[in-house]
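Okay, model.cif is below, mmCIF, C-alpha atoms:
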```cif
data_upload
loop_
_atom_site.label_atom_id
_atom_site.label_comp_id
_atom_site.auth_asym_id
_atom_site.auth_seq_id
_atom_site.Cartn_x
_atom_site.Cartn_y
_atom_site.Cartn_z
CA MET A 1 183.65 46.16 63.93
CA LEU A 2 182.20 48.75 61.63
CA GLN A 3 181.67 48.19 57.96
CA ARG A 4 183.46 51.08 56.26
CA GLN A 5 183.01 50.46 52.58
CA TYR A 6 179.66 50.26 50.84
CA ALA A 7 178.49 50.04 47.25
CA CYS A 8 175.51 52.15 46.27
CA ILE A 9 172.58 49.84 45.58
CA ALA A 10 171.39 52.07 42.76
CA CYS A 11 174.61 52.65 40.79
CA ASP A 12 177.23 50.34 42.36
CA ALA A 13 179.68 53.18 43.15
CA LEU A 14 182.10 52.30 45.93
CA VAL A 15 181.83 54.69 48.84
CA ASP A 16 183.93 54.86 51.99
CA ILE A 17 181.89 55.94 54.95
CA GLN A 18 183.56 56.99 58.16
CA SER A 19 181.54 56.92 61.37
CA LEU A 20 178.26 58.77 61.12
CA LYS A 21 176.57 60.53 64.02
CA PRO A 22 172.89 59.80 64.77
CA GLY A 23 170.72 61.64 62.29
CA GLN A 24 173.42 61.87 59.64
CA VAL A 25 172.81 60.48 56.18
CA ALA A 26 175.40 59.21 53.71
CA LYS A 27 174.46 59.70 50.08
CA CYS A 28 176.05 58.35 46.95
CA PRO A 29 178.22 61.03 45.32
CA ARG A 30 177.19 59.88 41.86
CA CYS A 31 173.45 59.26 42.03
CA GLN A 32 172.46 60.84 45.36
CA HIS A 33 170.79 57.65 46.54
CA VAL A 34 170.84 57.23 50.33
CA ILE A 35 173.40 54.61 51.26
CA LEU A 36 173.38 54.76 55.04
CA THR A 37 171.34 56.55 57.69
CA ARG A 38 172.20 56.55 61.36
CA LYS A 39 169.07 56.74 63.50
CA TYR A 40 168.55 58.26 66.92
CA ASN A 41 168.37 55.73 69.73
CA PRO A 42 167.54 52.87 67.34
CA ILE A 43 167.42 49.92 69.73
CA ASN A 44 165.23 51.27 72.52
CA SER A 45 162.68 53.02 70.35
CA THR A 46 162.35 49.92 68.16
CA ILE A 47 161.61 47.79 71.23
CA ALA A 48 159.01 50.30 72.42
CA LEU A 49 157.32 50.44 69.01
CA CYS A 50 157.29 46.67 68.62
CA LEU A 51 155.78 46.07 72.06
CA SER A 52 153.00 48.58 71.48
CA GLY A 53 152.46 47.22 67.98
CA LEU A 54 152.14 43.65 69.26
CA ILE A 55 149.64 44.73 71.93
CA LEU A 56 147.57 46.49 69.27
CA TYR A 57 147.87 43.72 66.71
CA LEU A 58 145.05 41.40 67.81
CA PRO A 59 142.40 44.12 68.34
CA ALA A 60 143.44 45.80 65.09
CA VAL A 61 142.94 42.62 63.08
CA PHE A 62 139.90 41.10 64.78
CA TYR A 63 137.91 44.01 66.21
CA PRO A 64 135.36 45.54 63.83
CA LEU A 65 136.74 48.63 62.11
CA MET A 66 133.32 50.05 61.42
CA SER A 67 129.73 48.99 61.17
CA LEU A 68 126.94 49.77 58.76
CA GLN A 69 123.30 50.18 59.58
CA VAL A 70 120.47 49.87 57.05
CA LEU A 71 116.87 49.60 58.24
CA SER A 72 117.86 48.45 61.74
CA VAL A 73 120.04 45.67 60.32
CA GLU A 74 123.67 46.04 61.24
CA SER A 75 126.81 44.50 59.84
CA SER A 76 130.42 45.17 60.73
CA ALA A 77 133.77 44.59 59.11
CA SER A 78 137.23 43.90 60.43
CA LEU A 79 140.44 43.09 58.59
CA TYR A 80 139.87 39.43 59.40
CA SER A 81 136.25 39.43 58.22
CA GLY A 82 137.33 41.13 54.99
CA ILE A 83 139.77 38.32 54.25
CA HIS A 84 137.11 35.78 55.25
CA ALA A 85 134.51 37.37 52.96
CA LEU A 86 136.91 37.29 50.02
CA TRP A 87 137.59 33.61 50.71
CA GLN A 88 133.84 32.94 50.83
CA SER A 89 133.41 34.68 47.46
CA GLU A 90 135.93 32.17 46.06
CA LEU A 91 138.55 34.82 45.38
CA TYR A 92 141.22 32.68 47.02
CA ILE A 93 144.22 34.44 45.51
CA VAL A 94 143.01 37.87 46.56
CA ALA A 95 142.18 36.62 50.05
CA CYS A 96 145.68 35.16 50.42
CA LEU A 97 147.31 38.34 49.15
CA VAL A 98 145.37 40.57 51.53
CA PHE A 99 146.24 38.20 54.37
CA ILE A 100 149.95 38.25 53.50
CA PHE A 101 150.23 42.00 52.92
CA CYS A 102 148.09 43.28 55.79
CA ALA A 103 148.21 40.61 58.48
CA LEU A 104 151.24 38.39 58.06
CA THR A 105 154.05 40.78 57.05
CA PRO A 106 153.29 43.36 59.79
CA LEU A 107 153.35 40.58 62.38
CA VAL A 108 156.61 39.18 61.02
CA LYS A 109 158.13 42.65 61.02
CA LEU A 110 157.05 43.40 64.59
CA ILE A 111 158.24 40.08 66.03
CA ALA A 112 161.50 40.05 64.08
CA ALA A 113 162.34 43.67 64.93
CA LEU A 114 161.54 43.09 68.62
CA LEU A 115 163.67 39.95 68.93
CA VAL A 116 166.50 41.47 66.93
CA SER A 117 166.61 44.61 69.10
CA VAL A 118 166.34 42.65 72.34
CA GLY A 119 169.12 40.42 71.01
CA VAL A 120 171.44 43.42 70.64
CA LYS A 121 170.66 44.48 74.21
CA TYR A 122 171.47 41.05 75.65
CA GLN A 123 174.35 40.30 73.27
CA GLN A 124 172.72 37.31 71.61
CA THR A 125 173.75 38.37 68.12
CA HIS A 126 176.04 35.42 67.44
CA HIS A 127 173.22 32.89 66.99
CA ASN A 128 172.25 31.60 63.57
CA TRP A 129 168.54 32.25 64.16
CA TYR A 130 169.39 35.84 64.87
CA ARG A 131 170.66 36.40 61.34
CA ARG A 132 167.66 34.56 59.88
CA LEU A 133 165.32 36.86 61.82
CA LEU A 134 167.01 39.95 60.47
CA VAL A 135 166.77 38.54 56.95
CA TYR A 136 163.04 37.85 57.48
CA TYR A 137 162.58 41.45 58.58
CA ILE A 138 164.31 42.77 55.46
CA ARG A 139 162.30 40.46 53.17
CA ALA A 140 158.96 41.35 54.79
CA ASP A 141 159.73 45.04 54.61
CA SER A 142 158.86 45.63 50.97
CA TRP A 143 155.60 43.66 51.06
CA GLU A 144 153.94 45.34 54.02
CA MET A 145 150.90 47.42 53.02
CA LEU A 146 149.10 48.55 56.18
CA GLU A 147 149.18 52.20 55.12
CA VAL A 148 147.56 51.32 51.79
CA PHE A 149 144.85 49.44 53.66
CA LEU A 150 144.20 52.51 55.79
CA ILE A 151 143.59 54.59 52.67
CA GLY A 152 141.37 51.72 51.52
CA ILE A 153 139.31 52.13 54.71
CA LEU A 154 139.04 55.85 53.98
CA VAL A 155 137.88 55.25 50.41
CA SER A 156 135.23 52.75 51.49
CA ILE A 157 133.99 55.16 54.17
CA PHE A 158 133.41 57.77 51.48
CA LYS A 159 131.80 55.27 49.15
CA LEU A 160 129.36 54.03 51.77
CA ARG A 161 128.66 57.29 53.59
CA ASP A 162 125.70 58.21 51.41
CA MET A 163 124.38 54.67 51.21
CA ALA A 164 123.81 54.03 54.89
CA THR A 165 124.68 55.07 58.44
CA LEU A 166 128.25 54.29 59.37
CA HIS A 167 129.61 53.81 62.89
CA TYR A 168 133.29 53.72 63.66
CA ASP A 169 134.49 51.15 66.15
CA LEU A 170 137.43 50.70 68.46
CA GLY A 171 139.15 48.51 65.89
CA LEU A 172 139.69 51.50 63.62
CA LEU A 173 141.65 53.35 66.30
CA CYS A 174 143.71 50.23 67.05
CA PHE A 175 144.37 49.76 63.34
CA CYS A 176 145.54 53.36 62.88
CA LEU A 177 147.89 53.06 65.86
CA LEU A 178 149.19 49.68 64.66
CA MET A 179 149.89 51.22 61.27
CA LEU A 180 151.77 54.08 62.92
CA CYS A 181 153.88 51.61 64.93
CA VAL A 182 154.73 49.47 61.91
CA VAL A 183 155.48 52.44 59.66
CA SER A 184 157.62 54.08 62.36
CA LEU A 185 159.85 51.00 62.33
CA LYS A 186 161.24 52.38 59.07
CA VAL A 187 162.38 55.45 61.01
CA THR A 188 163.86 53.65 64.02
CA MET A 189 165.23 50.34 62.72
CA ASP A 190 168.91 50.71 61.83
CA LYS A 191 169.58 47.47 59.95
CA GLN A 192 173.19 48.30 59.07
CA LEU A 193 173.96 49.10 62.72
CA ILE A 194 172.56 45.73 63.75
CA TRP A 195 174.62 43.96 61.06
CA ASP A 196 177.64 45.74 62.52
CA HIS A 197 176.67 44.28 65.90
CA VAL A 198 176.45 40.84 64.30
CA ASP A 199 179.94 41.28 62.84
CA ALA A 200 181.31 42.41 66.19
CA ARG A 201 180.69 39.01 67.77
CA MET B 1 177.64 63.62 54.58
CA LEU B 2 181.05 62.03 54.53
CA ALA B 3 181.69 60.47 51.19
CA ASN B 4 184.65 60.63 48.89
CA SER B 5 183.57 62.40 45.75
CA ALA B 6 186.66 61.59 43.69
CA SER B 7 186.18 59.82 40.39
CA THR B 8 183.84 56.92 41.05
CA ILE B 9 184.96 53.32 41.00
CA THR B 10 182.23 50.71 41.02
CA ALA B 11 182.28 47.54 43.06
CA LYS B 12 182.21 45.54 39.84
CA GLN B 13 185.41 47.16 38.58
CA ARG B 14 187.12 46.15 41.80
CA GLY B 15 185.84 42.58 41.51
CA LEU B 16 183.56 43.08 44.50
CA ALA B 17 179.85 42.49 44.89
CA GLN B 18 177.44 43.71 47.50
CA CYS B 19 174.92 41.42 49.17
CA SER B 20 171.50 42.77 48.32
CA THR B 21 170.08 41.70 51.67
CA CYS B 22 172.64 42.83 54.24
CA HIS B 23 174.82 45.13 52.09
CA LEU B 24 178.08 43.36 52.91
CA LEU B 25 180.80 43.79 50.29
CA ILE B 26 182.48 40.55 49.35
CA ALA B 27 185.00 39.46 46.74
CA TYR B 28 183.03 38.12 43.78
CA HIS B 29 184.08 34.91 42.03
CA PRO B 30 182.38 34.52 38.68
CA LEU B 31 181.16 31.06 37.61
CA THR B 32 180.43 29.96 41.18
CA HIS B 33 177.60 30.53 43.61
CA ASN B 34 178.60 33.41 45.83
CA VAL B 35 176.90 33.09 49.20
CA CYS B 36 177.01 35.99 51.61
CA PRO B 37 178.97 34.88 54.70
CA ARG B 38 176.87 37.15 56.90
CA CYS B 39 173.28 36.40 55.91
CA GLN B 40 173.57 33.32 53.67
CA SER B 41 171.77 34.97 50.74
CA LEU B 42 172.91 34.54 47.17
CA VAL B 43 175.13 37.43 46.09
CA GLU B 44 175.12 38.67 42.52
CA GLN B 45 177.13 41.45 40.96
CA ARG B 46 174.15 42.30 38.74
CA THR B 47 170.76 40.64 38.91
CA THR B 48 170.97 37.57 36.65
CA ASP B 49 169.02 38.03 33.41
CA SER B 50 167.57 41.21 34.80
CA ILE B 51 166.55 42.61 31.41
CA GLN B 52 164.91 39.41 30.18
CA LYS B 53 163.03 38.85 33.44
CA CYS B 54 161.86 42.43 33.54
CA TRP B 55 160.70 42.38 29.89
CA ALA B 56 158.79 39.14 30.47
CA LEU B 57 157.09 40.33 33.65
CA THR B 58 156.23 43.74 32.22
CA ILE B 59 154.66 42.19 29.13
CA CYS B 60 152.73 39.76 31.37
CA SER B 61 151.42 42.60 33.50
CA LEU B 62 150.36 44.49 30.38
CA ILE B 63 148.38 41.41 29.28
CA VAL B 64 146.79 40.97 32.71
CA ALA B 65 145.91 44.67 32.71
CA ILE B 66 143.24 43.95 30.08
CA PRO B 67 141.05 41.64 32.20
CA ALA B 68 141.88 43.73 35.27
CA ASN B 69 140.25 46.75 33.69
CA THR B 70 137.42 45.09 31.75
CA MET B 71 136.18 42.48 34.22
CA PRO B 72 133.94 43.61 37.09
CA ILE B 73 135.65 43.97 40.45
CA MET B 74 132.44 44.23 42.42
CA THR B 75 128.69 44.33 42.12
CA VAL B 76 126.42 46.40 44.34
CA LEU B 77 123.07 44.62 44.67
CA TYR B 78 120.00 46.54 45.82
CA PHE B 79 117.20 44.05 46.42
CA ASN B 80 119.13 41.44 44.42
CA LYS B 81 119.42 43.73 41.41
CA GLY B 82 122.53 45.51 40.35
CA GLN B 83 125.10 46.14 37.71
CA PRO B 84 128.67 44.91 37.91
CA ASP B 85 131.28 47.64 38.22
CA THR B 86 134.72 47.61 36.66
CA ILE B 87 137.40 49.85 38.09
CA LEU B 88 136.74 52.62 35.59
CA SER B 89 132.95 52.47 35.79
CA GLY B 90 133.23 52.59 39.59
CA ILE B 91 135.23 55.81 39.26
CA VAL B 92 132.67 57.23 36.81
CA THR B 93 129.90 56.46 39.31
CA MET B 94 131.82 58.28 42.04
CA VAL B 95 132.30 61.32 39.81
CA GLN B 96 128.58 61.33 39.03
CA LEU B 97 127.81 61.26 42.74
CA GLY B 98 130.09 64.28 43.19
CA MET B 99 132.81 62.54 45.21
CA TYR B 100 135.63 64.22 43.30
CA PRO B 101 138.58 63.96 45.73
CA ILE B 102 138.01 60.27 46.46
CA ALA B 103 137.41 59.55 42.77
CA ALA B 104 140.73 61.26 42.01
CA ILE B 105 142.56 59.16 44.62
CA VAL B 106 141.12 55.91 43.28
CA PHE B 107 141.72 56.97 39.67
CA ILE B 108 145.36 57.80 40.36
CA ALA B 109 146.05 54.75 42.55
CA SER B 110 144.34 52.09 40.47
CA PHE B 111 144.54 53.38 36.92
CA ILE B 112 147.28 55.97 36.43
CA VAL B 113 149.89 54.36 38.71
CA PRO B 114 149.79 50.80 37.28
CA LEU B 115 149.75 52.15 33.75
CA ALA B 116 152.56 54.60 34.46
CA LYS B 117 154.57 51.78 36.05
CA ILE B 118 154.24 49.56 33.00
CA VAL B 119 155.03 52.43 30.60
CA GLY B 120 157.95 53.52 32.80
CA LEU B 121 159.43 50.01 32.89
CA PHE B 122 159.13 49.73 29.11
CA PHE B 123 160.85 53.07 28.79
CA LEU B 124 163.68 52.06 31.14
CA LEU B 125 164.20 48.74 29.36
CA ARG B 126 164.24 50.41 25.97
CA SER B 127 166.66 53.06 27.21
CA LEU B 128 169.15 50.27 27.97
CA GLN B 129 169.19 49.36 24.29
CA ARG B 130 168.89 52.75 22.66
CA LYS B 131 170.01 56.20 23.57
CA SER B 132 167.60 58.15 25.69
CA HIS B 133 167.42 61.88 26.16
CA LEU B 134 167.08 61.50 29.92
CA THR B 135 170.29 61.45 31.93
CA THR B 136 171.20 58.34 33.89
CA LYS B 137 170.39 60.18 37.11
CA GLN B 138 166.88 61.01 35.90
CA ARG B 139 166.29 57.43 34.81
CA THR B 140 167.48 56.15 38.20
CA ASP B 141 165.04 58.52 39.88
CA LEU B 142 162.29 57.28 37.59
CA TYR B 143 163.10 53.74 38.68
CA HIS B 144 162.91 54.71 42.36
CA TYR B 145 159.49 56.30 41.84
CA ILE B 146 158.25 53.16 40.11
CA GLU B 147 159.49 51.08 43.03
CA LEU B 148 158.03 53.45 45.62
CA LEU B 149 154.56 53.72 44.08
CA GLY B 150 154.24 49.98 43.53
CA LYS B 151 152.17 48.98 46.51
CA TRP B 152 149.68 51.85 46.35
CA SER B 153 147.89 50.21 43.44
CA MET B 154 146.63 47.52 45.81
CA LEU B 155 144.24 50.15 47.21
CA ASP B 156 141.24 49.02 45.17
CA VAL B 157 141.67 45.39 46.18
CA PHE B 158 141.57 46.38 49.86
CA VAL B 159 138.49 48.52 49.26
CA VAL B 160 136.75 45.51 47.71
CA ALA B 161 137.74 43.32 50.69
CA LEU B 162 136.26 45.81 53.14
CA MET B 163 133.09 46.55 51.21
CA VAL B 164 132.31 42.87 50.64
CA SER B 165 132.49 42.04 54.32
CA LEU B 166 130.83 45.26 55.48
CA VAL B 167 127.81 45.29 53.21
CA GLU B 168 125.97 42.05 53.79
CA ILE B 169 122.57 43.16 54.90
CA GLY B 170 120.23 40.37 54.10
CA SER B 171 118.15 40.98 51.01
CA VAL B 172 118.30 44.77 51.08
CA ILE B 173 121.78 45.54 49.95
CA GLU B 174 124.76 43.36 49.25
CA ILE B 175 128.13 43.74 47.61
CA GLU B 176 129.73 40.88 45.73
CA ALA B 177 133.33 40.69 44.70
CA GLY B 178 134.09 39.95 41.06
CA ALA B 179 136.83 38.07 39.24
CA GLY B 180 138.37 41.36 38.09
CA ALA B 181 139.78 41.76 41.59
CA THR B 182 141.95 38.65 41.09
CA ALA B 183 143.23 39.90 37.74
CA PHE B 184 143.90 43.31 39.23
CA ALA B 185 145.78 41.94 42.24
CA ILE B 186 147.88 39.71 39.98
CA MET B 187 148.68 42.68 37.75
CA VAL B 188 149.88 44.72 40.73
CA ILE B 189 152.05 41.86 42.00
CA LEU B 190 153.52 41.32 38.53
CA THR B 191 154.46 44.99 38.15
CA MET B 192 156.02 44.94 41.63
CA VAL B 193 158.07 41.85 40.85
CA ALA B 194 158.99 43.31 37.46
CA ALA B 195 160.26 46.49 39.12
CA ASN B 196 162.18 44.36 41.62
CA SER B 197 163.87 42.37 38.88
CA PHE B 198 165.10 45.48 37.11
CA ASP B 199 168.64 46.29 38.17
CA PRO B 200 169.25 50.07 38.17
CA ARG B 201 173.00 49.50 38.19
CA LEU B 202 172.74 48.43 34.55
CA LEU B 203 171.77 52.01 33.69
CA TRP B 204 175.08 53.22 35.06
CA ASP B 205 177.15 50.41 33.54
CA GLU B 206 175.97 51.45 30.11
CA GLY B 207 176.90 55.06 30.81
CA GLU B 208 180.43 53.99 31.71
CA ASN B 209 180.93 51.95 28.57
CA GLN B 210 179.80 54.65 26.21
CA SER B 211 181.16 57.50 28.35
CA GLU B 212 178.61 59.85 26.86
CA ASP B 213 176.72 60.58 30.04
CA LYS B 214 177.12 63.78 31.89
#
```

Encoded form using structure tokens:
Amino acid sequence: MLQRQYACIACDALVDIQSLKPGQVAKCPRCQHVILTRKYNPINSTIALCLSGLILYLPAVFYPLMSLQVLSVESSASLYSGIHALWQSELYIVACLVFIFCALTPLVKLIAALLVSVGVKYQQTHHNWYRRLLVYYIRADSWEMLEVFLIGILVSIFKLRDMATLHYDLGLLCFCLLMLCVVSLKVTMDKQLIWDHVDAR
Amino acid sequence: MLANSASTITAKQRGLAQCSTCHLLIAYHPLTHNVCPRCQSLVEQRTTDSIQKCWALTICSLIVAIPANTMPIMTVLYFNKGQPDTILSGIVTMVQLGMYPIAAIVFIASFIVPLAKIVGLFFLLRSLQRKSHLTTKQRTDLYHYIELLGKWSMLDVFVVALMVSLVEIGSVIEIEAGAGATAFAIMVILTMVAANSFDPRLLWDEGENQSEDK
């Protein structure tokens, strides 16, 4: 069953949407806000992205992103050690926020999107947990900040470049790829299509 | 694009409401809790007390903006000596060192954007009460920009997290995080929640009632 009628989330105009082809976008006639987008091959590419994201997740969080050398003393930083250092400096709120935005929400998004997409493939959409997972994905979506953290890495590289010798580690590559996977979920995940699958059961 | 562009009827006029989580349209019964049958979230026709919540949170974030910009966010210690840096003095240091592009990025992300968000929310809230010379469409766009830019202000907090853990080289050089980082992070979260609590549909409701919008 396909949901045909939508209300624009920006201006509440009622819009009837007939079936869209992949790649087509439905916009609100009154405020031009995007109401619905049909994505190309949403299920399979989401599964692929989530699997690669989950493989990259542990090295991206725990491997050192870069290391700094001053007078033959070296120190390195990873996402995890950054959170740990903030906790040690008694900035508990900031440490928790960084943990939630850069470690927890990406993981929730990857796991939820993977299970949801696999669920569509194996027709498991009627379960209650399935709906909860999809809701978790939607909630986590607006609080995920990996791309901001990447720019943060860039800024700290520039700040430290003149101060000492910097080395880039494997963790940085893993982190960049993880960020690409998580951000690409926005392009491949078709939440409305999956809700239609839920309704169909 | 397949949408009927006849005269617009809103969901509210039809007695419908859309679930904000899963976008299912349901019949709305006022005076009761409307729970979405599909995702079990609470469904509201308009965000409850949207204007009051948004005013409160925006004023709070304006107050928190003061410590966020005056308290030090980090201190660079060379041989246990150093001066604490606030966000603005950190940017000034970067300009003095000739790092113009990166100084511009940090200046925009951690000073202009939070400030613009607070000013923008004040403007939107005021425009609900008085006439504004922007059209409803322009104000809706303004709201979407505020929502979109929200998370980029966290940039400086992440930079502090990285620098603190990266630069711990015994007694030579060390970076300490300051309490300003907490205030700054709280300010960013408050502006994000404030933007979330603002309901853009109210902008259009008002236009309908007065029928003066183009």

- Message: Using only C-alpha atoms and a distance of at most 6 Å, pull out the residues of chain B that contact chain A, as a ChimeraX atom specification.
- Response: /B:1,3,5,8-11,137,152,155,158-159,161-162,165-166,182,200-201,204

- Query: If you measure from CA of Ile55 in chain A to CA of Leu114 in chain A, what distance in Å do you get, rounded to one decimal?
  - Reply: 12.5 Å

- Message: the PyMOL selection byres ((chain A and resi 43) around 10) - which residues does that actually catch in the file I just gave you? List them as a ChimeraX atom specification.
- Response: /A:39-42,44-48,113-114,116-121,188-190,193-194

- Query: Near Gln83 in chain B, counting all atoms listed in the file, which residues have an atom at most 10 Å away, once you skip same-chain residues fewer than 4 positions from it, shown as a list in words?
  - Reply: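 The filter keeps Pro72, Met74, Thr75, Val76, Leu77 and Tyr78 of chain B.
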
For Leu190 in chain B, work out the shell of residues within 8 Å, counting all atoms listed in the file and skipping chain neighbours fewer than 6 positions away, then give it as a PDB file with C-alpha atoms, in the frame of the given file.
```pdb
ATOM      1  CA  LEU B  57     157.090  40.330  33.650  1.00  0.00           C
ATOM      2  CA  THR B  58     156.230  43.740  32.220  1.00  0.00           C
ATOM      3  CA  CYS B  60     152.730  39.760  31.370  1.00  0.00           C
ATOM      4  CA  SER B  61     151.420  42.600  33.500  1.00  0.00           C
TER       5      SER B  61
END
```

- Can you pull out every residue within 12 Å of range 88-92 of chain B, counting only C-alpha atoms, but drop anything in the same chain fewer than 4 positions away, and send it as an MDAnalysis selection string? (chainID A and resid 155 159) or (chainID B and resid 68:76 83:84 96:112 156 159:160 180)

Just so I have it separately, write range 73-81 of chain B from the block I sent, keeping all heavy atoms, as a PDB file, in the first residue's frame.
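File produced: part_14.pdb:
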```pdb
ATOM      1  N   ILE B  73      38.208  28.900  26.214  1.00  0.00           N
ATOM      2  CA  ILE B  73      37.884  27.535  25.824  1.00  0.00           C
ATOM      3  C   ILE B  73      39.109  26.644  25.886  1.00  0.00           C
ATOM      4  O   ILE B  73      38.994  25.449  26.084  1.00  0.00           O
ATOM      5  CB  ILE B  73      37.219  27.442  24.435  1.00  0.00           C
ATOM      6  CG1 ILE B  73      38.067  28.113  23.372  1.00  0.00           C
ATOM      7  CG2 ILE B  73      35.824  27.977  24.447  1.00  0.00           C
ATOM      8  CD1 ILE B  73      37.680  27.654  21.988  1.00  0.00           C
ATOM      9  N   MET B  74      40.293  27.214  25.685  1.00  0.00           N
ATOM     10  CA  MET B  74      41.476  26.383  25.934  1.00  0.00           C
ATOM     11  C   MET B  74      42.714  27.231  26.194  1.00  0.00           C
ATOM     12  O   MET B  74      42.770  28.405  25.844  1.00  0.00           O
ATOM     13  CB  MET B  74      41.709  25.412  24.776  1.00  0.00           C
ATOM     14  CG  MET B  74      42.021  26.043  23.476  1.00  0.00           C
ATOM     15  SD  MET B  74      42.253  24.733  22.266  1.00  0.00           S
ATOM     16  CE  MET B  74      42.612  25.688  20.830  1.00  0.00           C
ATOM     17  N   THR B  75      43.686  26.609  26.828  1.00  0.00           N
ATOM     18  CA  THR B  75      44.916  27.282  27.170  1.00  0.00           C
ATOM     19  C   THR B  75      46.080  26.503  26.573  1.00  0.00           C
ATOM     20  O   THR B  75      46.191  25.307  26.794  1.00  0.00           O
ATOM     21  CB  THR B  75      45.093  27.329  28.701  1.00  0.00           C
ATOM     22  OG1 THR B  75      43.857  27.728  29.270  1.00  0.00           O
ATOM     23  CG2 THR B  75      46.178  28.304  29.088  1.00  0.00           C
ATOM     24  N   VAL B  76      46.920  27.175  25.809  1.00  0.00           N
ATOM     25  CA  VAL B  76      48.123  26.526  25.288  1.00  0.00           C
ATOM     26  C   VAL B  76      49.269  26.846  26.236  1.00  0.00           C
ATOM     27  O   VAL B  76      49.585  28.011  26.464  1.00  0.00           O
ATOM     28  CB  VAL B  76      48.453  27.026  23.871  1.00  0.00           C
ATOM     29  CG1 VAL B  76      49.656  26.277  23.319  1.00  0.00           C
ATOM     30  CG2 VAL B  76      47.257  26.867  22.962  1.00  0.00           C
ATOM     31  N   LEU B  77      49.861  25.804  26.836  1.00  0.00           N
ATOM     32  CA  LEU B  77      50.923  25.999  27.818  1.00  0.00           C
ATOM     33  C   LEU B  77      52.268  25.608  27.207  1.00  0.00           C
ATOM     34  O   LEU B  77      52.475  24.442  26.845  1.00  0.00           O
ATOM     35  CB  LEU B  77      50.670  25.147  29.062  1.00  0.00           C
ATOM     36  CG  LEU B  77      49.438  25.488  29.912  1.00  0.00           C
ATOM     37  CD1 LEU B  77      49.151  24.355  30.875  1.00  0.00           C
ATOM     38  CD2 LEU B  77      49.636  26.792  30.655  1.00  0.00           C
ATOM     39  N   TYR B  78      53.168  26.575  27.073  1.00  0.00           N
ATOM     40  CA  TYR B  78      54.553  26.264  26.716  1.00  0.00           C
ATOM     41  C   TYR B  78      55.345  26.295  28.005  1.00  0.00           C
ATOM     42  O   TYR B  78      55.415  27.328  28.664  1.00  0.00           O
ATOM     43  CB  TYR B  78      55.137  27.325  25.775  1.00  0.00           C
ATOM     44  CG  TYR B  78      54.559  27.321  24.390  1.00  0.00           C
ATOM     45  CD1 TYR B  78      53.564  28.220  24.044  1.00  0.00           C
ATOM     46  CD2 TYR B  78      55.033  26.433  23.430  1.00  0.00           C
ATOM     47  CE1 TYR B  78      53.036  28.232  22.768  1.00  0.00           C
ATOM     48  CE2 TYR B  78      54.510  26.444  22.156  1.00  0.00           C
ATOM     49  CZ  TYR B  78      53.511  27.343  21.831  1.00  0.00           C
ATOM     50  OH  TYR B  78      52.997  27.355  20.578  1.00  0.00           O
ATOM     51  N   PHE B  79      55.976  25.204  28.361  1.00  0.00           N
ATOM     52  CA  PHE B  79      56.746  25.113  29.596  1.00  0.00           C
ATOM     53  C   PHE B  79      55.933  25.641  30.776  1.00  0.00           C
ATOM     54  O   PHE B  79      56.372  26.489  31.542  1.00  0.00           O
ATOM     55  CB  PHE B  79      58.078  25.867  29.458  1.00  0.00           C
ATOM     56  CG  PHE B  79      58.925  25.318  28.356  1.00  0.00           C
ATOM     57  CD1 PHE B  79      59.019  25.969  27.138  1.00  0.00           C
ATOM     58  CD2 PHE B  79      59.621  24.117  28.531  1.00  0.00           C
ATOM     59  CE1 PHE B  79      59.785  25.447  26.116  1.00  0.00           C
ATOM     60  CE2 PHE B  79      60.393  23.601  27.502  1.00  0.00           C
ATOM     61  CZ  PHE B  79      60.466  24.272  26.283  1.00  0.00           C
ATOM     62  N   ASN B  80      54.703  25.156  30.875  1.00  0.00           N
ATOM     63  CA  ASN B  80      53.790  25.504  31.966  1.00  0.00           C
ATOM     64  C   ASN B  80      53.411  26.974  32.034  1.00  0.00           C
ATOM     65  O   ASN B  80      52.935  27.450  33.048  1.00  0.00           O
ATOM     66  CB  ASN B  80      54.366  25.058  33.318  1.00  0.00           C
ATOM     67  CG  ASN B  80      54.320  23.553  33.455  1.00  0.00           C
ATOM     68  OD1 ASN B  80      53.361  22.924  33.021  1.00  0.00           O
ATOM     69  ND2 ASN B  80      55.358  22.973  34.012  1.00  0.00           N
ATOM     70  N   LYS B  81      53.679  27.713  30.972  1.00  0.00           N
ATOM     71  CA  LYS B  81      53.235  29.105  30.946  1.00  0.00           C
ATOM     72  C   LYS B  81      52.351  29.302  29.729  1.00  0.00           C
ATOM     73  O   LYS B  81      52.635  28.791  28.654  1.00  0.00           O
ATOM     74  CB  LYS B  81      54.444  30.040  30.864  1.00  0.00           C
ATOM     75  CG  LYS B  81      54.967  30.449  32.227  1.00  0.00           C
ATOM     76  CD  LYS B  81      56.140  31.394  32.055  1.00  0.00           C
ATOM     77  CE  LYS B  81      57.225  31.082  33.060  1.00  0.00           C
ATOM     78  NZ  LYS B  81      58.545  31.000  32.463  1.00  0.00           N
TER      79      LYS B  81
END
```
